[in-house]
>>> print(open('upload.txt').read())   # compact mmCIF, C-alpha atoms and all ligand atoms
# COMPACT_ATOMS: atom_id res chain seq x y z
CA MET A 1 30.86 17.08 6.26
CA THR A 2 34.33 18.19 5.16
CA SER A 3 34.56 19.71 1.70
CA ALA A 4 37.15 18.56 -0.88
CA GLY A 5 40.41 20.46 -0.44
CA ARG A 6 40.04 20.69 3.34
CA ARG A 7 42.12 17.64 4.06
CA LEU A 8 45.24 18.00 6.22
CA VAL A 9 47.90 15.40 6.96
CA VAL A 10 50.06 16.23 9.98
CA ILE A 11 53.42 14.48 10.21
CA GLY A 12 54.30 14.31 13.89
CA GLY A 13 51.97 13.82 16.84
CA GLY A 14 53.89 15.74 19.50
CA VAL A 15 52.52 18.79 21.26
CA ILE A 16 52.86 20.98 18.17
CA GLY A 17 51.37 18.51 15.69
CA LEU A 18 48.48 17.61 18.00
CA SER A 19 47.66 21.23 18.83
CA CYS A 20 47.59 22.09 15.13
CA ALA A 21 45.50 18.98 14.37
CA PHE A 22 42.98 19.88 17.08
CA GLU A 23 42.69 23.51 15.95
CA ALA A 24 42.27 22.51 12.29
CA ALA A 25 39.71 19.83 13.13
CA CYS A 26 37.70 22.37 15.15
CA ALA A 27 37.73 24.59 12.05
CA GLY A 28 36.22 21.79 9.99
CA TRP A 29 39.32 20.24 8.42
CA ASP A 30 39.55 16.51 7.81
CA VAL A 31 42.80 15.78 9.69
CA THR A 32 45.07 12.73 9.83
CA VAL A 33 48.07 12.61 12.17
CA VAL A 34 50.95 10.31 11.19
CA ASP A 35 53.09 9.22 14.13
CA PRO A 36 54.03 5.79 15.51
CA GLN A 37 53.52 7.11 19.06
CA PRO A 38 51.27 10.16 19.15
CA GLY A 39 51.42 12.10 22.40
CA ARG A 40 55.14 11.55 22.94
CA GLY A 41 58.08 13.48 21.47
CA ALA A 42 59.98 16.20 23.32
CA GLY A 43 56.78 17.37 25.07
CA TRP A 44 56.51 14.07 26.94
CA VAL A 45 59.80 14.68 28.72
CA ALA A 46 59.19 18.40 29.24
CA ALA A 47 58.31 20.03 32.56
CA GLY A 48 55.35 22.03 31.27
CA MET A 49 56.63 25.46 32.26
CA LEU A 50 54.87 28.34 30.50
CA ALA A 51 57.64 30.84 31.05
CA PRO A 52 57.80 33.89 28.81
CA THR A 53 59.70 35.80 31.51
CA ALA A 54 62.21 33.18 32.62
CA GLU A 55 62.88 32.18 29.00
CA ALA A 56 63.74 35.77 27.96
CA HIS A 57 67.42 35.61 27.04
CA PHE A 58 69.91 38.30 26.03
CA GLY A 59 69.85 38.77 22.24
CA GLU A 60 66.37 37.19 21.97
CA GLU A 61 64.18 40.24 22.53
CA ALA A 62 62.03 39.55 19.45
CA LEU A 63 61.58 35.92 20.50
CA THR A 64 60.48 37.14 23.93
CA ARG A 65 57.68 39.17 22.32
CA LEU A 66 56.52 35.96 20.63
CA LEU A 67 56.68 34.07 23.95
CA VAL A 68 54.57 36.75 25.66
CA ALA A 69 51.99 36.48 22.88
CA GLY A 70 52.10 32.68 23.21
CA ALA A 71 51.40 32.93 26.95
CA GLY A 72 48.47 35.26 26.26
CA VAL A 73 46.46 32.62 24.40
CA TRP A 74 47.03 29.85 26.96
CA PRO A 75 44.09 30.46 29.31
CA LYS A 76 41.51 30.19 26.53
CA PHE A 77 43.30 27.25 24.91
CA ALA A 78 43.35 25.37 28.22
CA ALA A 79 39.68 26.16 28.84
CA ASP A 80 38.66 25.02 25.33
CA LEU A 81 40.69 21.84 25.60
CA GLU A 82 39.37 21.03 29.06
CA PHE A 83 35.83 21.62 27.82
CA ALA A 84 36.46 19.30 24.85
CA ILE A 85 37.73 16.45 27.03
CA GLY A 86 35.66 17.09 30.13
CA GLY A 87 38.80 16.92 32.29
CA THR A 88 41.86 18.80 33.43
CA VAL A 89 45.21 19.34 31.73
CA GLY A 90 46.73 20.75 34.92
CA PHE A 91 46.98 24.39 33.82
CA GLU A 92 48.02 26.25 36.99
CA VAL A 93 48.21 30.04 37.27
CA THR A 94 50.65 30.23 40.18
CA GLY A 95 53.54 32.40 38.97
CA SER A 96 57.13 31.19 39.36
CA LEU A 97 60.16 32.05 41.45
CA LEU A 98 63.77 32.61 40.55
CA ALA A 99 66.35 31.70 43.18
CA ALA A 100 70.10 32.30 43.45
CA LYS A 101 72.20 30.02 45.59
CA ASP A 102 75.27 32.14 46.34
CA ALA A 103 76.66 35.65 45.82
CA GLY A 104 77.82 34.94 42.25
CA ASP A 105 74.42 33.51 41.36
CA ARG A 106 72.84 36.63 42.91
CA SER A 107 74.87 38.89 40.60
CA ASP A 108 73.60 36.90 37.62
CA LEU A 109 70.06 37.14 38.96
CA ILE A 110 70.27 40.94 39.31
CA ARG A 111 71.51 41.27 35.70
CA THR A 112 68.73 38.97 34.50
CA LEU A 113 66.07 40.98 36.36
CA GLU A 114 67.35 44.23 34.86
CA PHE A 115 67.16 42.71 31.40
CA GLN A 116 63.66 41.33 31.97
CA ARG A 117 62.47 44.72 33.27
CA SER A 118 63.99 46.44 30.22
CA LEU A 119 61.67 44.31 28.08
CA GLY A 120 58.65 45.41 30.10
CA LEU A 121 58.33 42.03 31.83
CA ASN A 122 56.88 41.90 35.30
CA VAL A 123 59.46 40.79 37.90
CA GLU A 124 59.66 41.46 41.61
CA GLU A 125 62.95 41.02 43.44
CA LEU A 126 62.64 39.15 46.75
CA ARG A 127 64.92 38.99 49.75
CA PRO A 128 65.68 35.47 51.00
CA ALA A 129 63.16 35.83 53.85
CA ALA A 130 60.40 36.82 51.41
CA LEU A 131 61.34 33.90 49.16
CA ARG A 132 60.99 31.51 52.07
CA SER A 133 57.76 33.01 53.23
CA LEU A 134 56.34 32.12 49.82
CA GLU A 135 57.99 28.69 49.76
CA PRO A 136 58.91 27.62 53.32
CA ASN A 137 60.60 24.40 52.16
CA LEU A 138 63.30 26.23 50.22
CA SER A 139 66.83 26.13 51.63
CA PRO A 140 67.55 28.81 54.27
CA THR A 141 70.89 29.52 52.57
CA LEU A 142 69.60 30.96 49.27
CA ALA A 143 71.15 34.37 48.49
CA ALA A 144 68.30 36.05 46.59
CA GLY A 145 65.18 35.49 44.56
CA ALA A 146 62.42 36.98 42.47
CA LEU A 147 58.75 36.47 41.74
CA LEU A 148 57.68 36.13 38.10
CA PRO A 149 53.89 36.59 38.33
CA ASN A 150 53.27 35.76 34.66
CA ASP A 151 55.12 32.44 34.36
CA HIS A 152 52.78 29.51 34.94
CA GLN A 153 52.66 25.77 34.23
CA VAL A 154 50.66 22.96 32.70
CA SER A 155 51.04 19.23 33.33
CA ASN A 156 52.75 18.26 30.07
CA ARG A 157 51.60 14.65 30.18
CA LEU A 158 47.99 15.50 31.00
CA LEU A 159 48.19 18.00 28.16
CA LEU A 160 49.44 15.46 25.64
CA ALA A 161 46.90 12.84 26.69
CA GLY A 162 44.19 15.52 26.57
CA LEU A 163 45.21 16.60 23.09
CA VAL A 164 45.11 13.03 21.77
CA ARG A 165 41.65 12.61 23.26
CA ALA A 166 40.40 15.97 22.01
CA CYS A 167 41.72 15.15 18.53
CA ILE A 168 39.91 11.80 18.51
CA GLU A 169 36.70 13.44 19.70
CA SER A 170 37.03 16.09 16.99
CA GLY A 171 37.29 13.42 14.30
CA VAL A 172 41.07 13.39 13.75
CA SER A 173 42.37 10.03 12.45
CA PHE A 174 45.70 8.56 13.50
CA VAL A 175 48.08 6.50 11.36
CA HIS A 176 50.55 4.84 13.73
CA GLU A 177 53.47 4.74 11.33
CA GLU A 178 56.74 6.48 10.63
CA ALA A 179 56.88 8.88 7.68
CA THR A 180 59.88 7.82 5.59
CA ALA A 181 59.78 10.21 2.63
CA LEU A 182 58.07 13.44 1.63
CA GLY A 183 57.48 15.06 -1.73
CA TRP A 184 55.04 17.07 -3.77
CA SER A 185 53.81 17.20 -7.29
CA GLY A 186 51.53 19.93 -8.58
CA SER A 187 49.18 20.93 -5.82
CA MET A 188 49.46 17.64 -3.90
CA ALA A 189 51.90 16.62 -1.20
CA THR A 190 52.86 12.97 -0.71
CA VAL A 191 54.12 11.12 2.31
CA GLN A 192 55.58 7.60 2.15
CA LEU A 193 55.00 5.45 5.21
CA GLY A 194 57.17 2.77 6.80
CA SER A 195 54.68 0.11 5.69
CA GLY A 196 55.25 1.05 2.03
CA ASP A 197 51.86 2.76 1.75
CA SER A 198 51.64 6.41 0.82
CA MET A 199 49.20 9.26 1.45
CA THR A 200 48.53 12.36 -0.60
CA SER A 201 46.90 15.57 0.51
CA GLU A 202 46.31 19.14 -0.59
CA SER A 203 47.82 20.24 2.73
CA LEU A 204 50.66 18.61 4.64
CA LEU A 205 52.01 19.94 7.94
CA LEU A 206 55.50 18.94 9.04
CA ALA A 207 55.65 18.94 12.84
CA MET A 208 58.50 16.52 13.41
CA GLY A 209 60.50 18.49 15.96
CA ALA A 210 64.16 17.51 16.08
CA ARG A 211 63.57 14.79 13.47
CA THR A 212 62.77 17.32 10.72
CA GLY A 213 66.03 16.66 8.87
CA LEU A 214 65.92 12.87 9.22
CA VAL A 215 63.16 12.10 6.74
CA GLU A 216 63.98 11.79 3.05
CA SER A 217 62.49 14.75 1.22
CA THR A 218 62.20 16.23 -2.24
CA LEU A 219 60.36 19.26 -0.88
CA GLY A 220 63.38 21.51 -1.36
CA PRO A 221 65.47 22.80 1.51
CA LEU A 222 63.82 22.37 4.90
CA PRO A 223 64.84 24.51 7.88
CA ILE A 224 67.85 23.16 9.73
CA VAL A 225 66.76 21.91 13.12
CA ARG A 226 69.19 20.26 15.53
CA PRO A 227 68.45 18.20 18.64
CA VAL A 228 69.45 19.74 21.98
CA LYS A 229 69.45 17.08 24.65
CA GLY A 230 67.90 17.63 28.07
CA HIS A 231 67.98 15.30 31.07
CA ILE A 232 64.91 15.53 33.29
CA LEU A 233 63.88 13.72 36.48
CA ARG A 234 60.52 12.90 38.01
CA LEU A 235 60.38 12.50 41.78
CA ARG A 236 57.44 11.80 44.00
CA GLY A 237 56.38 12.52 47.58
CA THR A 238 53.12 12.27 49.43
CA GLU A 239 52.43 16.00 49.07
CA PRO A 240 53.93 18.92 47.12
CA LEU A 241 57.06 20.53 48.61
CA LEU A 242 56.44 23.68 46.57
CA GLU A 243 53.40 25.66 45.47
CA ARG A 244 55.02 27.11 42.37
CA THR A 245 57.89 26.47 39.98
CA VAL A 246 61.32 27.46 41.23
CA ARG A 247 64.08 28.15 38.71
CA ALA A 248 67.41 28.34 40.47
CA THR A 249 71.03 29.04 39.64
CA VAL A 250 73.42 26.97 41.72
CA ARG A 251 77.04 28.05 41.25
CA GLY A 252 76.30 29.06 37.69
CA ARG A 253 74.27 25.94 36.82
CA ASN A 254 70.56 26.15 36.11
CA VAL A 255 68.03 23.81 37.63
CA TYR A 256 64.26 24.04 37.72
CA LEU A 257 61.83 22.37 40.09
CA VAL A 258 58.22 22.10 38.94
CA PRO A 259 55.70 20.82 41.51
CA ARG A 260 52.49 19.03 40.64
CA ARG A 261 49.52 18.93 42.95
CA ASP A 262 49.73 15.14 43.28
CA GLY A 263 53.18 15.29 44.89
CA GLU A 264 55.23 14.82 41.72
CA LEU A 265 58.26 17.09 41.38
CA VAL A 266 59.81 17.51 37.94
CA VAL A 267 63.48 18.48 38.05
CA GLY A 268 65.26 19.62 34.92
CA ALA A 269 66.93 20.16 32.71
CA THR A 270 70.34 19.99 31.17
CA VAL A 271 71.13 21.62 27.83
CA GLU A 272 73.51 19.43 25.84
CA GLU A 273 74.71 19.47 22.24
CA ARG A 274 75.09 15.73 21.65
CA GLY A 275 73.13 15.04 18.50
CA PHE A 276 70.56 12.23 18.62
CA ASP A 277 71.84 10.79 21.88
CA GLU A 278 69.02 9.87 24.26
CA ARG A 279 71.07 7.94 26.80
CA VAL A 280 70.46 8.86 30.43
CA GLN A 281 73.88 9.58 31.91
CA ALA A 282 74.72 9.17 35.58
CA GLY A 283 76.74 12.38 35.82
CA GLN A 284 73.90 14.53 34.55
CA VAL A 285 71.37 12.86 36.86
CA PHE A 286 73.77 13.39 39.76
CA ALA A 287 74.25 17.08 38.91
CA LEU A 288 70.50 17.74 38.67
CA LEU A 289 69.82 16.01 41.99
CA ASP A 290 72.73 17.72 43.70
CA ASP A 291 71.59 21.17 42.56
CA ALA A 292 67.94 20.42 43.35
CA ARG A 293 68.67 19.34 46.94
CA ARG A 294 70.76 22.48 47.57
CA VAL A 295 67.70 24.54 46.66
CA LEU A 296 65.05 22.29 48.21
CA PRO A 297 66.55 19.99 50.87
CA GLY A 298 63.36 17.90 51.06
CA VAL A 299 64.29 16.42 47.67
CA ASP A 300 66.40 13.90 49.61
CA GLU A 301 63.26 12.21 50.93
CA LEU A 302 61.49 11.89 47.58
CA GLU A 303 61.28 8.76 45.48
CA LEU A 304 63.11 9.03 42.17
CA VAL A 305 60.59 7.53 39.76
CA GLU A 306 61.97 8.46 36.37
CA SER A 307 65.07 9.79 34.69
CA ALA A 308 64.76 10.53 30.99
CA CYS A 309 66.13 12.59 28.14
CA GLY A 310 64.36 14.64 25.48
CA LEU A 311 65.59 16.25 22.30
CA ARG A 312 64.53 19.89 21.92
CA PRO A 313 64.27 21.00 18.29
CA ALA A 314 66.47 24.09 17.90
CA THR A 315 67.14 26.41 14.98
CA SER A 316 70.20 28.67 14.73
CA THR A 317 68.20 31.60 16.19
CA ASN A 318 66.31 29.56 18.83
CA ALA A 319 63.10 30.82 17.17
CA PRO A 320 60.52 28.48 15.67
CA VAL A 321 59.73 28.17 11.99
CA ILE A 322 55.96 28.34 11.41
CA GLY A 323 54.28 28.79 8.05
CA ARG A 324 53.95 27.62 4.47
CA LEU A 325 56.85 26.46 2.30
CA ASP A 326 57.08 28.24 -1.06
CA ASP A 327 53.33 28.82 -1.49
CA GLY A 328 52.89 25.07 -2.01
CA PRO A 329 50.82 22.45 -0.18
CA VAL A 330 53.39 21.98 2.60
CA LEU A 331 53.37 23.84 5.92
CA ILE A 332 55.88 23.55 8.72
CA ALA A 333 55.84 24.12 12.46
CA THR A 334 59.06 23.19 14.20
CA GLY A 335 62.16 24.55 15.96
CA HIS A 336 60.33 25.57 19.14
CA TYR A 337 63.42 24.66 21.19
CA ARG A 338 62.71 25.38 24.90
CA ASN A 339 59.22 26.75 24.28
CA GLY A 340 57.22 24.07 22.50
CA ILE A 341 54.52 23.77 25.13
CA LEU A 342 54.27 27.53 25.66
CA LEU A 343 53.98 28.20 21.92
CA ALA A 344 51.80 25.23 20.90
CA PRO A 345 48.42 27.06 21.10
CA LEU A 346 49.64 30.14 19.21
CA THR A 347 51.41 27.96 16.65
CA ALA A 348 48.13 26.11 16.07
CA GLN A 349 46.33 29.41 15.49
CA ILE A 350 49.00 30.59 13.03
CA ILE A 351 48.82 27.31 11.10
CA ALA A 352 44.99 27.29 11.12
CA SER A 353 44.97 30.84 9.68
CA GLU A 354 47.50 29.85 7.02
CA LEU A 355 45.33 26.88 6.02
CA GLU A 356 42.48 29.33 5.42
CA GLY A 357 44.75 31.58 3.36
CA ARG A 358 44.97 34.27 6.06
CA ARG A 359 48.03 35.66 7.79
CA HIS A 360 47.71 35.53 11.57
CA PRO A 361 48.94 38.73 13.29
CA ALA A 362 51.45 36.69 15.30
CA ALA A 363 53.12 35.53 12.07
CA ASP A 364 54.93 38.89 12.12
CA LEU A 365 56.28 38.10 15.60
CA VAL A 366 57.57 34.75 14.31
CA ALA A 367 59.23 36.42 11.33
CA ALA A 368 60.88 39.03 13.59
CA ALA A 369 62.14 36.34 15.98
CA GLU A 370 63.70 34.40 13.11
CA ILE A 371 66.06 37.28 12.24
CA PRO A 372 69.47 36.57 13.82
CA ALA A 373 70.52 39.10 16.51
CA ARG A 374 73.46 41.33 15.47
N1 LIG B 1 61.49 24.60 28.66
C1 LIG B 1 62.52 24.19 29.49
C2 LIG B 1 63.51 23.33 28.87
O1 LIG B 1 63.55 23.21 27.66
O2 LIG B 1 64.31 22.77 29.57
>>> encode(input="upload.txt", output="structure tokens")
Amino acid sequence: MTSAGRRLVVIGGGVIGLSCAFEAACAGWDVTVVDPQPGRGAGWVAAGMLAPTAEAHFGEEALTRLLVAGAGVWPKFAADLEFAIGGTVGFEVTGSLLAAKDAGDRSDLIRTLEFQRSLGLNVEELRPAALRSLEPNLSPTLAAGALLPNDHQVSNRLLLAGLVRACIESGVSFVHEEATALGWSGSMATVQLGSGDSMTSESLLLAMGARTGLVESTLGPLPIVRPVKGHILRLRGTEPLLERTVRATVRGRNVYLVPRRDGELVVGATVEERGFDERVQAGQVFALLDDARRVLPGVDELELVESACGLRPATSTNAPVIGRLDDGPVLIATGHYRNGILLAPLTAQIIASELEGRRHPAADLVAAAEIPAR
């Protein structure tokens, strides 16, 4: 039985909210998730790459250390989740490849590899022949490549479905409504729902991704999180064209191709500053397909089954915000930008520790990543 004071309301049932809900429920908290469509959000239109190496960017060295820590907890998280649901979430330890289409892309690749090595990340440069011996379906005209042995993948949709199921089996309740307003008084936090009902709790976790700023709030200033649009495509063939994720640069443009064992190929993703615009635009779909087929000619034969857009939640530093607001009843976990799936398990551990009044060691990595680069 759950003791009084161990009640948690999570606003937002995306990958972050669900991971936190599952972790807290396993620790004995009485958890309710508020979301009209749990298991969706930005994670639904993600590719599921777990890429601490490929997502290491200049000026984000501290964030990279957080990403590496996030990757480190994935194997156990996947095993625990799969045990809880008695099924797979498609966690695949395959490594990833980088590929450069032409000489200019190769120069960028070499600079990137030097930077990744300077951070102690494991990268192995590959000549085109070695690239194609690993992935024979790649274009014969690629200029260069690299193996990233520590960048893996999970099936994002199996993961989200698995998290919903694991939450239900751990006793988490779901309220399928929109949160319209947030506030607190004394030691209690309150959330108003679209139906006009309200809920109060000693602990409230905001995990609303890009929508963090859209809900009315008297909680004081919330972190500024903006939506960064990404187009992503799902294609399907009878069998996989690749064994591992390929992240390519094609004349300066980035494209990634993420194969699933069932023949699905996820192709993404654009990075667009367009506010809350979720329209799928022909030009962006064309560009993704054009780049993808230059890297993997067999794309031409695949069925295009879905084109969609997601809104990544980004802060000004690209680092997430994870922790408690002003020592009150409200916690927040948002701003994971391109790394929501990678960081979901570690975020859940940090939040679960905070609920128990303990500081998780990785909270220092989050704090360091939040400091703007100079
Ligand atoms: N994590 C890859 C992306 O955000 O496109």
>>> residues_around(input="upload.txt", residues="stretch 4-13 of chain A", least_positions_apart="6", cutoff="7 Å", atoms="only C-alpha atoms", output="mmCIF file with C-alpha atoms, in the frame of the given file")
data_model
loop_
_atom_site.group_PDB
_atom_site.id
_atom_site.type_symbol
_atom_site.label_atom_id
_atom_site.label_comp_id
_atom_site.auth_asym_id
_atom_site.auth_seq_id
_atom_site.Cartn_x
_atom_site.Cartn_y
_atom_site.Cartn_z
ATOM 1 C CA ALA A 21 45.500 18.980 14.370
ATOM 2 C CA TRP A 29 39.320 20.240 8.420
ATOM 3 C CA ASP A 30 39.550 16.510 7.810
ATOM 4 C CA VAL A 31 42.800 15.780 9.690
ATOM 5 C CA THR A 32 45.070 12.730 9.830
ATOM 6 C CA VAL A 33 48.070 12.610 12.170
ATOM 7 C CA VAL A 34 50.950 10.310 11.190
ATOM 8 C CA ASP A 35 53.090 9.220 14.130
ATOM 9 C CA PRO A 38 51.270 10.160 19.150
ATOM 10 C CA GLY A 39 51.420 12.100 22.400
ATOM 11 C CA SER A 201 46.900 15.570 0.510
ATOM 12 C CA GLU A 202 46.310 19.140 -0.590
ATOM 13 C CA SER A 203 47.820 20.240 2.730
ATOM 14 C CA LEU A 204 50.660 18.610 4.640
ATOM 15 C CA LEU A 205 52.010 19.940 7.940
ATOM 16 C CA LEU A 206 55.500 18.940 9.040
ATOM 17 C CA ALA A 207 55.650 18.940 12.840
ATOM 18 C CA MET A 208 58.500 16.520 13.410
#
>>> residues_around(input="upload.txt", residues="A:Leu148", least_positions_apart="3", cutoff="7 Å", atoms="only C-alpha atoms", output="list in words")
Thr53, Gly95, Ser96, Leu97, Asn122, Val123, Glu124 and Asp151 of chain A
>>> residues_around(input="upload.txt", residues="A:Val299", least_positions_apart="4", cutoff="10 Å", atoms="only C-alpha atoms", output="PDB file with C-alpha atoms, in the frame of the given file")
ATOM      1  CA  ASN A 137      60.600  24.400  52.160  1.00  0.00           C
ATOM      2  CA  LEU A 235      60.380  12.500  41.780  1.00  0.00           C
ATOM      3  CA  ARG A 236      57.440  11.800  44.000  1.00  0.00           C
ATOM      4  CA  GLY A 237      56.380  12.520  47.580  1.00  0.00           C
ATOM      5  CA  LEU A 241      57.060  20.530  48.610  1.00  0.00           C
ATOM      6  CA  LEU A 257      61.830  22.370  40.090  1.00  0.00           C
ATOM      7  CA  LEU A 265      58.260  17.090  41.380  1.00  0.00           C
ATOM      8  CA  VAL A 267      63.480  18.480  38.050  1.00  0.00           C
ATOM      9  CA  LEU A 289      69.820  16.010  41.990  1.00  0.00           C
ATOM     10  CA  ASP A 290      72.730  17.720  43.700  1.00  0.00           C
ATOM     11  CA  ALA A 292      67.940  20.420  43.350  1.00  0.00           C
ATOM     12  CA  ARG A 293      68.670  19.340  46.940  1.00  0.00           C
ATOM     13  CA  ARG A 294      70.760  22.480  47.570  1.00  0.00           C
ATOM     14  CA  VAL A 295      67.700  24.540  46.660  1.00  0.00           C
ATOM     15  CA  GLU A 303      61.280   8.760  45.480  1.00  0.00           C
ATOM     16  CA  LEU A 304      63.110   9.030  42.170  1.00  0.00           C
TER      17      LEU A 304
END
>>> residues_near_ligand(input="upload.txt", ligand="ligand LIG 1 (chain B)", cutoff="8 Å", atoms="all atoms listed in the file", output="list of chain:residue names")
A:Ala46, A:Ala47, A:Gly48, A:Met49, A:Leu50, A:Ala51, A:Glu55, A:Gly230, A:Gly268, A:Ala269, A:Thr270, A:Val271, A:Arg312, A:Tyr337, A:Arg338, A:Asn339, A:Gly340, A:Ile341
>>> write_last_selection(input="upload.txt", atoms="C-alpha atoms", output="short mmCIF file (atom, residue, chain, number, x, y, z; two decimals), in the frame of the given file")
data_model
loop_
_atom_site.label_atom_id
_atom_site.label_comp_id
_atom_site.auth_asym_id
_atom_site.auth_seq_id
_atom_site.Cartn_x
_atom_site.Cartn_y
_atom_site.Cartn_z
CA ALA A 46 59.19 18.40 29.24
CA ALA A 47 58.31 20.03 32.56
CA GLY A 48 55.35 22.03 31.27
CA MET A 49 56.63 25.46 32.26
CA LEU A 50 54.87 28.34 30.50
CA ALA A 51 57.64 30.84 31.05
CA GLU A 55 62.88 32.18 29.00
CA GLY A 230 67.90 17.63 28.07
CA GLY A 268 65.26 19.62 34.92
CA ALA A 269 66.93 20.16 32.71
CA THR A 270 70.34 19.99 31.17
CA VAL A 271 71.13 21.62 27.83
CA ARG A 312 64.53 19.89 21.92
CA TYR A 337 63.42 24.66 21.19
CA ARG A 338 62.71 25.38 24.90
CA ASN A 339 59.22 26.75 24.28
CA GLY A 340 57.22 24.07 22.50
CA ILE A 341 54.52 23.77 25.13
#
>>> axis_aligned_box(input="upload.txt", around="stretch 273-286 of chain A", padding_each_side="4 Å", output="lines of an AutoDock Vina configuration file")
center_x = 72.9
center_y = 13.7
center_z = 29.1
size_x = 15.7
size_y = 19.5
size_z = 29.3
>>> residues_around(input="upload.txt", residues="stretch 79-83 of chain A", least_positions_apart="4", cutoff="8 Å", atoms="all atoms listed in the file", output="short mmCIF file (atom, residue, chain, number, x, y, z; two decimals) with C-alpha atoms, in the coordinates of the input")
data_model
loop_
_atom_site.label_atom_id
_atom_site.label_comp_id
_atom_site.auth_asym_id
_atom_site.auth_seq_id
_atom_site.Cartn_x
_atom_site.Cartn_y
_atom_site.Cartn_z
CA PRO A 75 44.09 30.46 29.31
CA GLY A 87 38.80 16.92 32.29
CA THR A 88 41.86 18.80 33.43
CA VAL A 89 45.21 19.34 31.73
CA GLY A 162 44.19 15.52 26.57
CA LEU A 163 45.21 16.60 23.09
CA ALA A 166 40.40 15.97 22.01
#
>>> closest_residue(input="upload.txt", among="A:Ala282, A:Ile350, A:Val172, A:Ala71", to="A:Ala25", atoms="all atoms listed in the file")
A:Val172
>>> closest_residue(input="upload.txt", among="A:Ala146, A:Asp108, A:Gly310, A:Thr180", to="A:Glu216", atoms="all atoms listed in the file")
A:Thr180
>>> residues_around(input="upload.txt", residues="A:Arg358", least_positions_apart="6", cutoff="12 Å", atoms="all atoms listed in the file", output="list in words")
Gly323, Arg324, Gln349, Ile350, Ile351 and Ala352 of chain A
>>> write_last_selection(input="upload.txt", atoms="C-alpha atoms", output="mmCIF file, in the coordinates of the input")
data_model
loop_
_atom_site.group_PDB
_atom_site.id
_atom_site.type_symbol
_atom_site.label_atom_id
_atom_site.label_comp_id
_atom_site.auth_asym_id
_atom_site.auth_seq_id
_atom_site.Cartn_x
_atom_site.Cartn_y
_atom_site.Cartn_z
ATOM 1 C CA GLY A 323 54.280 28.790 8.050
ATOM 2 C CA ARG A 324 53.950 27.620 4.470
ATOM 3 C CA GLN A 349 46.330 29.410 15.490
ATOM 4 C CA ILE A 350 49.000 30.590 13.030
ATOM 5 C CA ILE A 351 48.820 27.310 11.100
ATOM 6 C CA ALA A 352 44.990 27.290 11.120
#
>>> closest_residue(input="upload.txt", among="A:Ala84, A:Ala308, A:Ile224, A:Arg261", to="A:Gln284", atoms="only C-alpha atoms")
A:Ala308
>>> atom_distance(input="upload.txt", atom1="atom CA of A:Cys20", atom2="atom CA of A:Ala373")
28.6 Å
>>> atom_distance(input="upload.txt", atom1="atom CA of A:Ile322", atom2="atom CA of A:His57")
20.7 Å
>>> atom_distance(input="upload.txt", atom1="atom CA of A:Gly14", atom2="atom CA of A:Glu177")
13.7 Å
>>> closest_residue(input="upload.txt", among="A:Thr238, A:Ser316, A:Ser195, A:Thr245", to="A:Leu98", atoms="all atoms listed in the file")
A:Thr245
>>> decode(input="upload.txt", residues="stretch 189-199 of chain A", atoms="N, CA and C atoms", output="short mmCIF file (atom, residue, chain, number, x, y, z; two decimals), in the first residue's frame")
data_model
loop_
_atom_site.label_atom_id
_atom_site.label_comp_id
_atom_site.auth_asym_id
_atom_site.auth_seq_id
_atom_site.Cartn_x
_atom_site.Cartn_y
_atom_site.Cartn_z
N ALA A 189 0.42 20.93 -4.88
CA ALA A 189 0.34 21.44 -6.25
C ALA A 189 -1.03 21.09 -6.81
N THR A 190 -1.54 21.95 -7.68
CA THR A 190 -2.87 21.74 -8.27
C THR A 190 -2.77 21.77 -9.78
N VAL A 191 -3.51 20.89 -10.41
CA VAL A 191 -3.62 20.94 -11.87
C VAL A 191 -5.11 20.97 -12.24
N GLN A 192 -5.46 21.95 -13.08
CA GLN A 192 -6.82 22.04 -13.63
C GLN A 192 -6.86 21.24 -14.92
N LEU A 193 -7.96 20.52 -15.12
CA LEU A 193 -8.10 19.68 -16.31
C LEU A 193 -9.09 20.30 -17.28
N GLY A 194 -9.01 19.89 -18.54
CA GLY A 194 -9.91 20.39 -19.57
C GLY A 194 -11.38 20.20 -19.21
N SER A 195 -11.70 19.16 -18.49
CA SER A 195 -13.09 18.87 -18.12
C SER A 195 -13.62 19.83 -17.06
N GLY A 196 -12.72 20.63 -16.46
CA GLY A 196 -13.13 21.49 -15.35
C GLY A 196 -12.78 20.90 -14.00
N ASP A 197 -12.48 19.60 -13.96
CA ASP A 197 -12.04 18.98 -12.70
C ASP A 197 -10.63 19.48 -12.36
N SER A 198 -10.24 19.22 -11.11
CA SER A 198 -8.85 19.52 -10.75
C SER A 198 -8.29 18.39 -9.90
N MET A 199 -6.97 18.32 -9.83
CA MET A 199 -6.29 17.32 -9.00
C MET A 199 -5.26 18.05 -8.15
#
